[in-house]
Structure formats: structure tokens, C-alpha cells
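Just data_23.txt here, compact mmCIF, C-alpha atoms:
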```
# COMPACT_ATOMS: atom_id res chain seq x y z
CA MET M 113 15.85 -32.77 55.49
CA ASP M 114 15.91 -29.08 56.39
CA PRO M 115 17.82 -28.77 59.69
CA THR M 116 16.86 -25.14 60.23
CA THR M 117 13.41 -26.14 61.35
CA HIS M 118 14.90 -28.26 64.14
CA LEU M 119 17.67 -25.98 65.40
CA PHE M 120 15.99 -25.27 68.74
CA TRP M 121 15.28 -28.92 69.20
CA ILE M 122 18.83 -30.11 68.59
CA THR M 123 20.12 -27.22 70.69
CA SER M 124 17.99 -28.41 73.60
CA ARG M 125 19.15 -31.99 73.11
CA ALA M 126 22.80 -30.96 72.94
CA ALA M 127 22.43 -28.85 76.07
CA GLY M 128 20.79 -31.70 77.92
CA THR M 129 23.55 -34.07 76.88
CA ALA M 130 26.19 -31.56 77.91
CA ALA M 131 24.45 -31.11 81.26
CA LEU M 132 24.47 -34.85 81.81
CA VAL M 133 28.17 -35.13 80.98
CA LEU M 134 29.12 -32.18 83.15
CA ALA M 135 26.95 -33.40 86.02
CA GLY M 136 28.63 -36.78 85.89
CA ALA M 137 32.03 -35.18 86.02
CA SER M 138 30.98 -32.82 88.80
CA VAL M 139 29.46 -35.61 90.91
CA THR M 140 32.55 -37.74 90.41
CA LEU M 141 34.78 -34.87 91.46
CA GLY M 142 32.56 -34.00 94.41
CA LEU M 143 32.59 -37.57 95.69
CA SER M 144 36.35 -37.70 95.36
CA MET M 145 36.65 -34.46 97.35
CA GLY M 146 34.79 -35.70 100.37
CA GLY M 147 36.91 -38.82 100.89
CA ARG M 148 40.47 -39.80 100.54
CA VAL M 149 40.22 -41.14 97.03
CA VAL M 150 42.28 -38.35 95.58
CA ARG M 151 44.82 -36.48 97.59
CA GLY M 152 46.28 -33.07 96.95
CA ALA M 153 45.17 -30.05 94.96
CA ALA M 154 42.00 -29.75 97.00
CA ALA M 155 41.60 -26.11 96.06
CA ASP M 156 41.84 -26.94 92.36
CA ARG M 157 39.27 -29.69 92.72
CA ARG M 158 36.93 -27.37 94.54
CA THR M 159 37.30 -24.74 91.83
CA VAL M 160 36.69 -27.25 89.05
CA HIS M 161 33.77 -28.78 90.94
CA GLU M 162 32.21 -25.38 91.35
CA ALA M 163 32.78 -24.47 87.71
CA LEU M 164 31.36 -27.75 86.54
CA SER M 165 28.28 -27.20 88.71
CA LEU M 166 27.75 -23.77 87.24
CA GLY M 167 28.21 -25.25 83.79
CA VAL M 168 25.53 -27.83 84.58
CA MET M 169 23.13 -25.10 85.63
CA ALA M 170 23.80 -23.10 82.48
CA ALA M 171 23.32 -26.18 80.30
CA LEU M 172 20.07 -26.99 82.07
CA ALA M 173 18.85 -23.44 81.46
CA VAL M 174 19.68 -23.74 77.76
CA HIS M 175 18.05 -27.18 77.71
CA ALA M 176 14.76 -25.75 78.96
CA VAL M 177 14.76 -22.38 77.22
CA ALA M 178 15.66 -23.83 73.81
CA LEU M 179 12.61 -26.05 73.99
CA LEU M 180 10.44 -22.93 74.04
CA GLY M 181 11.44 -22.30 70.42
CA ASP M 182 10.64 -25.78 69.22
CA HIS M 183 7.76 -25.49 66.76
CA TYR M 184 6.84 -29.16 67.07
CA LEU M 185 6.22 -29.36 70.82
CA GLN M 186 5.49 -25.65 71.23
CA PRO M 187 5.71 -25.82 75.01
CA SER M 188 4.88 -22.87 77.21
CA LEU M 189 7.13 -21.54 79.95
CA LEU M 190 4.99 -23.37 82.49
CA ASP M 191 5.36 -26.60 80.53
CA VAL M 192 9.14 -26.55 80.91
CA THR M 193 9.37 -25.16 84.42
CA VAL M 194 6.45 -26.63 86.38
CA PRO M 195 6.09 -30.37 86.85
CA PHE M 196 2.95 -32.20 85.69
CA VAL M 197 1.82 -29.34 83.43
CA SER M 198 3.11 -30.52 80.08
CA ASP M 199 1.05 -33.06 78.16
CA TYR M 200 4.12 -34.48 76.43
CA LYS M 201 5.30 -37.59 78.33
CA THR M 202 4.17 -35.99 81.53
CA GLY M 203 5.88 -38.41 83.90
CA TRP M 204 9.34 -38.28 82.34
CA THR M 205 9.11 -34.55 81.69
CA SER M 206 8.06 -33.85 85.26
CA LEU M 207 10.91 -35.99 86.59
CA GLY M 208 13.33 -33.97 84.49
CA ILE M 209 11.91 -30.67 85.70
CA ILE M 210 12.13 -31.77 89.33
CA ALA M 211 15.68 -33.01 88.81
CA GLY M 212 16.64 -29.74 87.10
CA TRP M 213 15.23 -27.54 89.82
CA ALA M 214 16.80 -29.71 92.51
CA THR M 215 20.17 -29.52 90.80
CA VAL M 216 19.99 -25.75 90.49
CA LEU M 217 18.78 -25.10 94.04
CA LEU M 218 21.16 -27.55 95.66
CA GLY M 219 24.04 -26.16 93.58
CA LEU M 220 23.27 -22.57 94.42
CA SER M 221 22.95 -23.47 98.09
CA PHE M 222 26.77 -23.58 98.08
CA TYR M 223 26.78 -19.79 98.13
CA ALA M 224 24.45 -19.73 101.12
CA ARG M 225 26.22 -22.42 103.08
CA ARG M 226 27.33 -20.08 105.87
CA ARG M 227 23.78 -18.91 106.39
CA ILE M 228 22.38 -22.45 106.21
CA GLY M 229 25.06 -23.87 108.45
CA MET M 230 27.90 -26.04 107.28
CA SER M 231 26.75 -29.35 108.71
CA ARG M 232 23.17 -28.78 107.56
CA TRP M 233 24.35 -27.68 104.12
CA ARG M 234 26.52 -30.79 103.86
CA VAL M 235 23.50 -32.98 104.52
CA ILE M 236 21.42 -31.06 102.01
CA HIS M 237 24.18 -31.20 99.43
CA ARG M 238 24.09 -34.99 99.42
CA PHE M 239 20.67 -34.85 97.78
CA THR M 240 22.45 -33.58 94.69
CA LEU M 241 23.25 -37.21 94.03
CA LEU M 242 19.53 -38.04 93.90
CA ALA M 243 18.90 -35.14 91.53
CA TRP M 244 21.68 -36.42 89.27
CA ILE M 245 20.20 -39.94 89.27
CA ALA M 246 16.76 -38.51 88.53
CA GLY M 247 18.30 -36.63 85.61
CA ILE M 248 19.78 -39.85 84.24
CA VAL M 249 16.43 -41.62 84.56
CA HIS M 250 14.74 -38.68 82.82
CA THR M 251 17.30 -38.87 80.03
CA LEU M 252 16.97 -42.59 79.48
CA GLY M 253 13.20 -42.47 79.68
CA GLU M 254 12.49 -39.48 77.50
CA GLY M 255 15.69 -38.68 75.65
CA THR M 256 15.48 -38.79 71.88
CA ASP M 257 18.96 -40.29 71.67
CA ALA M 258 18.52 -42.57 74.69
CA HIS M 259 18.75 -45.70 72.57
CA GLU M 260 21.67 -44.57 70.43
CA PRO M 261 24.94 -46.43 71.09
CA TRP M 262 27.07 -43.31 71.11
CA PHE M 263 24.79 -41.68 73.64
CA LEU M 264 24.67 -44.72 75.88
CA GLY M 265 28.44 -44.91 75.71
CA LEU M 266 28.69 -41.26 76.71
CA VAL M 267 26.32 -41.77 79.63
CA ALA M 268 28.24 -44.84 80.75
CA ALA M 269 31.56 -43.01 80.49
CA THR M 270 30.31 -40.24 82.77
CA THR M 271 28.24 -42.37 85.11
CA LEU M 272 30.52 -45.29 85.88
CA PRO M 273 33.30 -43.14 87.44
CA ALA M 274 30.73 -41.53 89.70
CA VAL M 275 29.37 -44.92 90.71
CA VAL M 276 32.91 -46.15 91.47
CA ALA M 277 33.66 -43.01 93.46
CA LEU M 278 30.41 -43.39 95.37
CA GLY M 279 31.21 -46.98 96.20
CA TRP M 280 34.67 -45.99 97.32
CA ARG M 281 33.26 -43.15 99.38
CA VAL M 282 30.69 -45.34 101.09
CA SER M 283 33.23 -48.06 101.88
CA GLU M 284 35.69 -45.47 103.14
CA ARG M 285 33.03 -43.89 105.32
CA GLY M 286 32.50 -47.24 106.95
CA VAL M 287 36.15 -47.22 108.09
CA THR M 288 36.71 -43.60 109.08
CA ARG M 289 34.54 -40.56 109.11
CA PRO M 290 36.55 -37.81 107.42
CA GLN M 291 36.66 -34.37 108.94
CA GLY M 292 34.65 -32.10 106.68
CA SER M 293 35.71 -28.65 105.67
CA VAL M 294 33.99 -25.84 103.94
CA ALA M 295 35.26 -26.93 100.61
CA ARG M 296 34.35 -30.54 101.05
CA ALA M 297 31.00 -31.64 99.66
CA MET O 219 44.31 -15.22 110.74
CA SER O 220 47.14 -17.56 111.79
CA THR O 221 50.74 -16.95 110.93
CA SER O 222 52.57 -19.48 108.86
CA PRO O 223 55.84 -20.78 110.34
CA LEU O 224 57.57 -19.61 107.19
CA ASP O 225 56.38 -16.08 107.84
CA LEU O 226 57.89 -15.97 111.32
CA GLY O 227 60.60 -13.40 111.53
CA ARG O 228 59.51 -11.61 108.37
CA PRO O 229 58.26 -8.10 108.46
CA THR O 230 54.49 -7.67 108.57
CA THR O 231 54.45 -5.91 105.23
CA ALA O 232 56.46 -8.69 103.65
CA ARG O 233 54.07 -11.33 105.05
CA ALA O 234 51.11 -9.37 103.78
CA ALA O 235 52.72 -9.05 100.40
CA THR O 236 53.40 -12.78 100.31
CA ARG O 237 49.79 -13.55 101.22
CA ALA O 238 48.54 -11.14 98.64
CA GLN O 239 50.79 -12.71 96.09
CA GLY O 240 49.53 -16.15 97.06
CA ARG O 241 45.92 -15.01 96.78
CA SER O 242 46.68 -13.51 93.44
CA LEU O 243 48.28 -16.70 92.22
CA ARG O 244 45.34 -18.70 93.58
CA GLY O 245 42.88 -16.41 91.88
CA GLU O 246 44.77 -16.59 88.64
CA ARG O 247 44.85 -20.37 88.86
CA ASP O 248 41.13 -20.49 89.64
CA ARG O 249 40.36 -18.26 86.68
CA ARG O 250 42.48 -20.48 84.47
CA LEU O 251 40.68 -23.56 85.73
CA ARG O 252 37.28 -21.95 85.23
CA ARG O 253 38.23 -20.96 81.71
CA ARG O 254 39.28 -24.53 81.00
CA VAL O 255 36.04 -25.87 82.43
CA LEU O 256 34.08 -23.33 80.42
CA ALA O 257 35.98 -24.26 77.27
CA GLY O 258 35.39 -27.94 77.97
CA THR O 259 31.71 -27.27 78.55
CA LEU O 260 31.39 -25.38 75.30
CA ALA O 261 33.38 -28.05 73.49
CA VAL O 262 31.07 -30.78 74.73
CA PHE O 263 28.01 -28.75 73.82
CA VAL O 264 29.26 -27.85 70.34
CA ALA O 265 30.45 -31.39 69.66
CA VAL O 266 27.10 -32.91 70.59
CA TRP O 267 25.27 -30.17 68.69
CA LEU O 268 27.30 -30.88 65.55
CA VAL O 269 26.78 -34.62 65.87
CA LEU O 270 23.03 -34.11 66.15
CA LEU O 271 23.03 -31.67 63.23
CA LEU O 272 25.01 -34.02 61.00
CA ARG O 273 22.75 -36.92 61.85
CA LEU O 274 19.71 -34.76 61.21
CA THR O 275 21.08 -33.61 57.85
CA ALA O 276 21.96 -37.16 56.89
CA GLY O 277 18.45 -38.30 57.74
CA ASP O 278 19.62 -40.55 60.56
CA ASP O 279 17.96 -38.70 63.38
CA PRO O 280 16.29 -41.33 65.57
CA ALA O 281 13.17 -39.32 66.35
CA LEU O 282 12.55 -38.26 62.76
CA ALA O 283 13.36 -41.73 61.47
CA ARG O 284 10.89 -43.14 63.97
CA ALA O 285 8.29 -40.59 62.95
CA ARG O 286 8.94 -41.35 59.28
CA ALA O 287 8.67 -45.08 59.95
CA GLU O 288 5.41 -44.53 61.79
CA SER O 289 4.14 -42.39 58.94
CA ASP O 290 5.16 -45.04 56.40
CA ALA O 291 3.51 -47.72 58.49
CA ALA O 292 0.34 -45.64 58.72
CA GLY O 293 0.39 -45.14 54.95
CA ALA O 294 0.92 -48.84 54.39
CA ARG O 295 -1.92 -49.64 56.77
CA ALA O 296 -4.22 -47.22 54.94
CA ALA O 297 -3.25 -48.66 51.55
CA THR O 298 -3.82 -52.18 52.83
CA GLN O 299 -7.21 -51.17 54.16
CA VAL O 300 -8.17 -49.67 50.80
CA LEU O 301 -7.02 -52.82 49.03
CA GLN O 302 -8.97 -54.95 51.47
CA GLN O 303 -12.09 -52.88 50.88
CA ARG O 304 -11.65 -53.16 47.13
CA ALA O 305 -11.06 -56.89 47.38
CA THR O 306 -14.13 -57.29 49.55
CA ALA O 307 -16.26 -55.29 47.11
CA SER O 308 -14.88 -57.26 44.19
CA ALA O 309 -15.53 -60.54 45.96
CA THR O 310 -19.06 -59.44 46.79
CA ALA O 311 -19.69 -58.48 43.17
CA SER O 312 -18.18 -61.74 41.99
CA ALA O 313 -20.35 -63.70 44.39
CA ALA O 314 -23.42 -61.86 43.12
CA THR O 315 -22.40 -62.58 39.54
CA VAL O 316 -21.84 -66.24 40.38
CA ARG O 317 -25.24 -66.43 42.04
CA ARG O 318 -26.88 -64.77 39.04
CA LEU O 319 -25.14 -67.12 36.63
CA GLN O 320 -26.10 -70.11 38.77
CA ALA O 321 -29.73 -68.98 38.72
CA GLN O 322 -29.57 -68.57 34.94
CA LEU O 323 -28.02 -72.01 34.57
CA THR O 324 -30.71 -73.58 36.77
CA ALA O 325 -33.44 -71.90 34.75
CA GLN O 326 -31.87 -73.04 31.49
CA ARG O 327 -31.55 -76.59 32.80
CA ALA O 328 -35.23 -76.60 33.76
CA ALA O 329 -36.18 -75.27 30.33
CA ALA O 330 -34.04 -77.94 28.70
CA THR O 331 -35.71 -80.62 30.81
CA ARG O 332 -39.15 -79.32 29.84
CA ALA O 333 -38.13 -79.26 26.19
CA GLU O 334 -36.88 -82.83 26.45
CA HIS O 335 -40.17 -83.94 27.97
CA ARG O 336 -42.10 -82.12 25.25
CA LEU O 337 -39.91 -83.66 22.57
CA ALA O 338 -40.42 -87.14 24.03
CA SER O 339 -44.22 -86.78 24.08
CA GLU O 340 -44.27 -85.37 20.58
CA SER O 341 -42.06 -88.23 19.39
CA ALA O 342 -44.49 -90.72 20.93
CA ALA O 343 -47.42 -89.00 19.24
CA ALA O 344 -45.59 -89.04 15.94
CA ALA O 345 -44.89 -92.76 16.35
CA ARG O 346 -48.55 -93.39 16.99
CA LEU O 347 -49.52 -91.37 13.95
CA ARG O 348 -47.00 -93.31 11.84
CA GLN O 349 -48.55 -96.59 13.04
CA ARG O 350 -52.06 -95.39 12.17
CA LEU O 351 -50.83 -94.20 8.81
CA ARG O 352 -49.29 -97.57 8.05
CA ALA O 353 -52.50 -99.33 9.13
CA ALA O 354 -54.58 -97.03 6.94
CA ALA O 355 -52.28 -97.65 4.03
CA LYS O 356 -52.60 -101.40 4.49
CA ALA O 357 -56.39 -101.15 4.67
CA SER O 358 -56.44 -98.98 1.60
CA SER O 359 -54.29 -101.48 -0.29
CA ALA O 360 -56.55 -104.31 0.77
CA ALA O 361 -59.63 -102.37 -0.31
CA ALA O 362 -58.07 -101.59 -3.62
CA ALA O 363 -57.22 -105.24 -4.11
CA SER O 364 -60.76 -106.25 -3.20
CA VAL O 365 -62.22 -103.72 -5.60
CA ALA O 366 -59.94 -104.96 -8.29
CA ALA O 367 -60.93 -108.57 -7.62
CA THR O 368 -64.60 -107.66 -7.64
CA SER O 369 -64.19 -105.80 -10.87
CA SER O 370 -62.41 -108.71 -12.47
CA GLN O 371 -65.09 -111.09 -11.27
CA ALA O 372 -67.75 -108.86 -12.56
CA ALA O 373 -65.97 -108.63 -15.86
CA SER O 374 -65.54 -112.36 -16.08
CA ALA O 375 -69.17 -112.85 -15.18
CA ALA O 376 -70.35 -110.41 -17.77
CA THR O 377 -68.44 -111.98 -20.62
CA PRO O 378 -70.43 -115.35 -20.86
CA SER O 379 -73.84 -113.66 -20.65
CA THR O 380 -73.14 -111.59 -23.65
CA THR O 381 -72.24 -114.68 -25.66
CA SER O 382 -75.25 -116.78 -24.49
CA THR O 383 -78.33 -117.02 -26.72
CA THR O 384 -80.81 -117.72 -24.00
CA PRO O 385 -82.29 -114.65 -22.54
CA SER O 386 -82.80 -116.36 -19.25
CA ALA O 387 -79.16 -116.39 -18.76
CA SER O 388 -78.88 -112.65 -18.92
CA THR O 389 -81.88 -112.12 -16.80
CA PRO O 390 -81.28 -112.47 -13.16
CA SER O 391 -83.40 -115.20 -11.64
CA SER O 392 -85.59 -114.61 -8.82
CA SER O 393 -83.46 -116.75 -6.73
CA ASP O 394 -80.38 -114.53 -7.18
CA THR O 395 -79.73 -112.53 -4.18
CA THR O 396 -77.34 -109.60 -3.84
CA SER O 397 -76.87 -108.17 -0.47
CA THR O 398 -74.61 -105.37 0.59
CA ALA O 399 -73.80 -104.79 4.19
CA THR O 400 -72.03 -101.78 5.43
CA THR O 401 -70.52 -101.94 8.87
CA PRO O 402 -68.92 -98.81 10.34
CA SER O 403 -65.52 -99.35 11.86
CA THR O 404 -65.04 -97.86 15.22
CA SER O 405 -61.33 -98.25 15.40
CA SER O 406 -60.25 -96.43 12.31
CA GLY O 407 -63.24 -94.29 11.74
CA SER O 408 -63.65 -95.60 8.23
CA SER O 409 -66.46 -97.69 7.03
CA THR O 410 -66.21 -101.28 5.97
CA THR O 411 -68.29 -102.34 3.13
CA SER O 412 -69.02 -106.01 2.69
CA THR O 413 -70.51 -107.11 -0.57
CA THR O 414 -71.75 -110.60 -1.03
CA THR O 415 -72.90 -111.65 -4.40
CA SER O 416 -74.63 -114.92 -4.94
CA SER O 417 -75.42 -116.13 -8.29
CA GLY O 418 -78.35 -118.46 -8.63
CA SER O 419 -77.45 -119.74 -11.99
CA THR O 420 -76.41 -123.27 -11.94
CA ASP O 421 -74.40 -123.37 -15.05
CA THR O 422 -72.07 -120.65 -14.10
CA SER O 423 -71.82 -121.23 -10.45
CA SER O 424 -68.43 -122.68 -10.75
CA SER O 425 -66.93 -119.36 -11.52
CA ALA O 426 -69.23 -117.20 -9.44
CA ALA O 427 -68.01 -117.51 -5.89
CA PRO O 428 -69.19 -115.18 -3.16
CA VAL O 429 -66.73 -112.23 -2.64
CA THR O 430 -66.39 -110.29 0.51
CA THR O 431 -64.71 -106.93 0.20
CA SER O 432 -63.60 -105.02 3.15
CA THR O 433 -62.63 -101.41 2.70
CA SER O 434 -61.11 -99.39 5.38
```

Kindly return the structure encoded in the file as C-alpha cells.
Amino acid sequence: MDPTTHLFWITSRAAGTAALVLAGASVTLGLSMGGRVVRGAAADRRTVHEALSLGVMAALAVHAVALLGDHYLQPSLLDVTVPFVSDYKTGWTSLGIIAGWATVLLGLSFYARRRIGMSRWRVIHRFTLLAWIAGIVHTLGEGTDAHEPWFLGLVAATTLPAVVALGWRVSERGVTRPQGSVARA
Amino acid sequence: MSTSPLDLGRPTTARAATRAQGRSLRGERDRRLRRRVLAGTLAVFVAVWLVLLLRLTAGDDPALARARAESDAAGARAATQVLQQRATASATASAATVRRLQAQLTAQRAAATRAEHRLASESAAAARLRQRLRAAAKASSAAAASVAATSSQAASAATPSTTSTTPSASTPSSSDTTSTATTPSTSSGSSTTSTTTSSGSTDTSSSAAPVTTSTS
């Protein structure tokens, strides 16, 4: 097996996996920031959350751009950036594209939060969770390694903490509504 | 900008220096955290990339293994189809051969039956011919015996006349009658000749009995 013919392909897969892992960590951290799950070092958590989000965006960009070099699929730029254009597993691919764009736009909205308005931005920012879930569904539906034990273990390791944090956050919100700040997501 | 209780009583320049120092420390800490996150991100990416590369090199890549399995299955299906076509053609040819052989066997059986019938009729004809031959042989034997008896009678009759001194004895009397009747036989196709000889002499009548000869 000559791996050089599949370098773009495995690069795209690795970037997608890295994006999934980083997104799980970022979502977990973001959910912990908004409640009272973790106390202290709020500035550090905000910095890490922001860095993880930027890392997710970079990984998503590599995930899409690397596919352009794959000689097997040979997708065009429109195929990897516009939903429902690609002929390859159109539904799963389109879901991934939508999730990717949503993640990028919602992440970058952090830098326009003062213009958007803090309360409005906070509402918008919650949709990041839906984008993350859509990304997981896209991964499990279309991912080449979706049925591999090591990959499923990796997804579970990054997803379960976020699910626990979400549950904690929802239950905590039922008791008290925390006062939001600029840094809180 | 609110003043921290710790800054109360400090000179403005000192408070500003403290805040600047705090911002500097915060910035340094943020940069350190970002570098760690970046390093972690790259580590995750490189680790996954190496895992995928090693699996690809080892031939354990799930997509390629699936594609290879599908290719093998397609090849096996094609080979099976070819074998099925060959088997079907062979079976068809075999069936044709069997039908041809069955037709030949039927024809040979019919010929054998006809030959048996012919043999039976010829055997019957031969039996009939053998019967006719035996009958002809019997008739021939009987005729030969009759001829022989007639000849011996004639010879015995001729012997006393040559020794007699009376000429009347050698001369046939007017009352002697010799009649010969020939009756054709319809059954055998041969003729039957009946010869009756009557001798009118009184002195020799004891030995001259009428003889009937039948010849077939």
C-alpha cells in the first residue's frame, strides 16, 4: 500500500478528528464557564476556551481544504463549502458543511459580541451546541473511522464530559439563573 | 475604571504600574495558555495523522479494506457467474448429447426388432423348406423302391419265358392288358406314375401280381 497517494485524505481525516476532539473540549469548558460547576480561574478558562475554539476553526479549515487534494473524491471548492452540491453522500456531507459553517460563524461572533449585544450574543452562542452535535452526527454518519473502536472511544471521551456538563448546567439553571458576564458563554 | 481597595493610598503612578504589571502577567499567562492549547491541538492532529498513516501502511485502513473486500466480492461474483455460464453450457451440451444418444439407441432398438422379425420369418420359411425336402426325399425313396420292385418282378417274370418251349408262353395273349396311368400331383408338383400290369397267363399268375408304383 502506497500511503503517498492518500496523504491528503488522511490529513483531512486527522483534521476532522482533531476538530471533533477540540470541539468537545471547548464545549465542555464553555458549559462549565456559564454555571457554577467549576469555580476560580475564570480568565484562564476563557482564554483556553477561546484558544480551543480557534483551534477547532483551524482544524475545520484543514479538514475541508485537504479534501480538495484528494484524487479519489476530487471535490471542487463548492463541493466542500456549499451544502447539497457534492454528489458524495450528499446528506451527511451537507450536514457537515452546515455544522462547520455554523461553528465558524458562531465562534467568530465572539469578536463582534459588543456590536451584536451581549444578551443577544449569548443567545446566539448557545446554538454552538447544536453545531457541535451536528458535527458529531456528520462524523458518525460519514466518517471513515466511525466504526473503529479507537475512534468511538475518542468520541466518547470528548462527548461524555460535555453531556455531563450540559446536564449539570441545565439542572443548575433550574435552581438559579447565574449572572452572565462578557466572558461567560 | 474602579480603584481596588489595595490601591487606596498608593500613588497614581504606582497604581498604574501595578495594573500594567498585572495586565502584563495576564497577557503572558494567556499567551502561555494559548501556546499549550496550540501544542495540544497539534499533538492531537499529529497523533491521529500518524495512527491513520500506520494503519494505512499496514493495510488495515477501514475504507480501503472495505473497498478491497468489495472488489474481491465483485471478482468472486464475476468468477461465479462465468462458472455458472460454463456449467450451463456444459449441461446443455450434455443434454444434447444424451438426447442424440437416446435417439441413436431407439433407432438401433427398432433395427434390432426388425432384424429379429426378419430372422423369425426366414427361420419359419427354412423350416417349411426342410419339411418339403424331407417329404420329397421320402417320395423319392418310395419311388426308387417301387422301381426296384418292378424291375425285380420284371426280371423274375422274364426268366421262366426264356426257359419255356411253347411259344405261346412268350407271346403275350390278347387278354393281357397293361395300362399305365399318370396322375399329376398338385401338392408337390411332381407327377405320380401308376403302372398296373396284369398278366393273363394262367400258369404264371401266381407270381405275377399287379404292382402299383407311385413316384413323386

Selected residue of minimal separation from chain O among M:Ser144, M:Thr202, M:Thr256, M:Thr270, counting only C-alpha atoms: M:Thr256

At most 12 Å to chain O: residues in chain M, only C-alpha atoms, as a ChimeraX atom specification: /M:113-135,137-138,153-172,174-175,184,254-263,266

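Taking CA of Asp199 (chain M) and CA of Gly181 (chain M) as endpoints, the distance between them is 16.8 Å.
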
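Going from CA of Ala178 (chain M) to CA of Leu264 (chain M) covers 22.8 Å.
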
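CA of Arg281 (chain M) lies 10.4 Å from CA of Gly142 (chain M).
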
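Nearest residue to Gly219 (chain M) among M:His237, M:Gly203, M:Ile245, M:Ser231 is M:His237, counting only C-alpha atoms.
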